[in-house]
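Below you'll find the structure, written out as C-alpha cells, and then a few comments.
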Amino acid sequence: MTAGKKTALIVVAVIIILALFLFSFLKGTYNNFVSLDEGVKASWAQVENQLQRRYDLIPNLVETVKGYAKQEKEVLTEVTNARARVGGAGNVPDKIQANNELSSALSRLLVVVERYPDLKSNQNFMRLQDELAGTENRIAVERRRYNEAVRTYNVAIRRFPANLLAGMFGFSSATFFEAPAGAQTAPSVKF
C-alpha cells in the first residue's frame with residue numbers, strides 16, 4: 001500500500017469517527033431535550049389534576065357559604081368569576097395567571113368565613129374546607145415538582161453547546177409557576 005493510500009484511509013477513518021461522534025452527540029442531546037420536555041409536560045399534568053380537583057370543589061364551597069353569608073355577594077361573585085377564568089384559560093401562562101387569581105379569591109372567601117361562626121361549625125362546610133386545604137397542599141407540592149422539572153429543562157437548553165441545538169430543534173424555555181403578586185401578604189381577618 002502506498003503512502004498516499006494510507007493517508008487517505010486514515011483521513012477517511014478520522015472523518016467516519018468524527019461523524020459517528022457528532023451523530024452520537026446530536027442524538028443524545030436531542031433525546032435528552034425530548035425527555036426533559038416530556039418531564040415538564042408530565043409535571044404540568046399533575047398540577048392540572050390538582051387544580052381540577054380544586055376547581056370541582058369550589059361550587060360546593062360557594063353554595064355552602066351562600067346560605068350563611070348572603071350579604072357577601074361580592075366575594076362569592078369574585079370566586080365564581082375567577083373559577084370561570086380558570087376554565088377558559090388556554091395556555092400554561094394563562095392557566096397560571098387564572099389560578100393565581102383564583103387562589104387570591106379563595107383566600108378572601110376564607111377570610112369572610114371567619115365572620116360566621118355558625119358556618120364554621122357546619123359539618124358540610126368543614127368537610128369542604130378540609131378537602132380544599134388538602135388540595136391546596138397537593139397543588140403546592142405539584143407546583144414545586146413542576147418548577148423543578150422546568151428548571152432542569154431550561155438549564156439543559158441554555159447550556160453550551162446544547163443551546164445551539166435547542167434553537168435548531170425548536171426547544172424553547174418553559175414557564176415557571178410563580179406566586180401571584182401580593183402572595184407574601186396574608187389576608188386580614190376583621191370581626
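Going by the C-alpha cells order, chains are called A, B, ..., each with residues numbered from 1, while ligands are numbered from 1 in the order shown.
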
Residues within 12 Å of region 147-164 of chain A, please, as a count of residues only. Count only C-alpha atoms; anything in the same chain fewer than 6 positions from it doesn't count.
35

Excluding Val79 (chain A) and any residue of its chain fewer than 3 positions from it, enumerate the residues within 10 Å of it, using only C-alpha atoms, and give them as a list in words.
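Here the answer would be Ile58, Pro59, Val62, Lys73, Glu74, Val75, Leu76, Ala82, Arg83, Ala84, Arg85, Glu101, Leu102, Ser103, Ser104, Ala105, Leu106, Ser107, Arg108 and Leu109 of chain A.
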
Residues of the last selection are to be written out with N, CA and C atoms, as a compact mmCIF listing (two decimals), in the first residue's frame.
# COMPACT_ATOMS: atom_id res chain seq x y z
N ILE A 58 -64.97 24.00 44.34
CA ILE A 58 -65.40 25.39 44.57
C ILE A 58 -66.91 25.59 44.51
N PRO A 59 -67.64 25.04 43.55
CA PRO A 59 -69.09 25.29 43.53
C PRO A 59 -69.78 24.82 44.82
N VAL A 62 -68.88 27.36 47.57
CA VAL A 62 -69.61 28.62 47.38
C VAL A 62 -71.07 28.45 47.77
N LYS A 73 -72.01 38.87 48.69
CA LYS A 73 -72.15 38.52 47.28
C LYS A 73 -70.91 38.89 46.46
N GLU A 74 -70.28 40.00 46.79
CA GLU A 74 -69.12 40.45 46.02
C GLU A 74 -68.00 39.41 46.05
N VAL A 75 -67.71 38.88 47.22
CA VAL A 75 -66.64 37.88 47.34
C VAL A 75 -67.05 36.60 46.62
N LEU A 76 -68.30 36.19 46.78
CA LEU A 76 -68.77 34.97 46.12
C LEU A 76 -68.73 35.12 44.60
N ALA A 82 -63.48 34.09 39.03
CA ALA A 82 -62.11 33.59 38.94
C ALA A 82 -62.11 32.13 38.50
N ARG A 83 -63.07 31.36 38.99
CA ARG A 83 -63.19 29.96 38.59
C ARG A 83 -63.50 29.86 37.10
N ALA A 84 -64.35 30.75 36.60
CA ALA A 84 -64.68 30.75 35.17
C ALA A 84 -63.45 31.08 34.33
N ARG A 85 -62.61 32.01 34.81
CA ARG A 85 -61.39 32.36 34.07
C ARG A 85 -60.44 31.16 34.01
N GLU A 101 -55.20 34.08 40.38
CA GLU A 101 -56.36 34.91 40.71
C GLU A 101 -57.38 34.12 41.53
N LEU A 102 -57.57 32.86 41.18
CA LEU A 102 -58.50 32.02 41.93
C LEU A 102 -57.99 31.79 43.35
N SER A 103 -56.71 31.57 43.52
CA SER A 103 -56.14 31.40 44.86
C SER A 103 -56.38 32.64 45.71
N SER A 104 -56.20 33.79 45.11
CA SER A 104 -56.42 35.05 45.82
C SER A 104 -57.89 35.20 46.23
N ALA A 105 -58.80 34.89 45.31
CA ALA A 105 -60.23 34.99 45.60
C ALA A 105 -60.63 34.00 46.69
N LEU A 106 -60.08 32.81 46.65
CA LEU A 106 -60.39 31.81 47.68
C LEU A 106 -59.89 32.25 49.05
N SER A 107 -58.74 32.87 49.09
CA SER A 107 -58.23 33.33 50.40
C SER A 107 -59.15 34.42 50.96
N ARG A 108 -59.70 35.28 50.09
CA ARG A 108 -60.64 36.30 50.57
C ARG A 108 -61.94 35.64 51.03
N LEU A 109 -62.36 34.58 50.36
CA LEU A 109 -63.56 33.86 50.78
C LEU A 109 -63.36 33.25 52.16

For each of A:Leu165, A:Val65, A:Leu51, A:Ile17, take the minimum atom-to-atom distance to Glu136 (chain A), counting only C-alpha atoms, then give the residue where this is smallest.
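So, comparing all the options, the nearest one is A:Leu51.
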
Output as a ChimeraX atom specification all residues of chain A that backbone DSSP marks as alpha helix (DSSP H).
/A:3-68,73-88,92-113,117-121,123-158,162-169
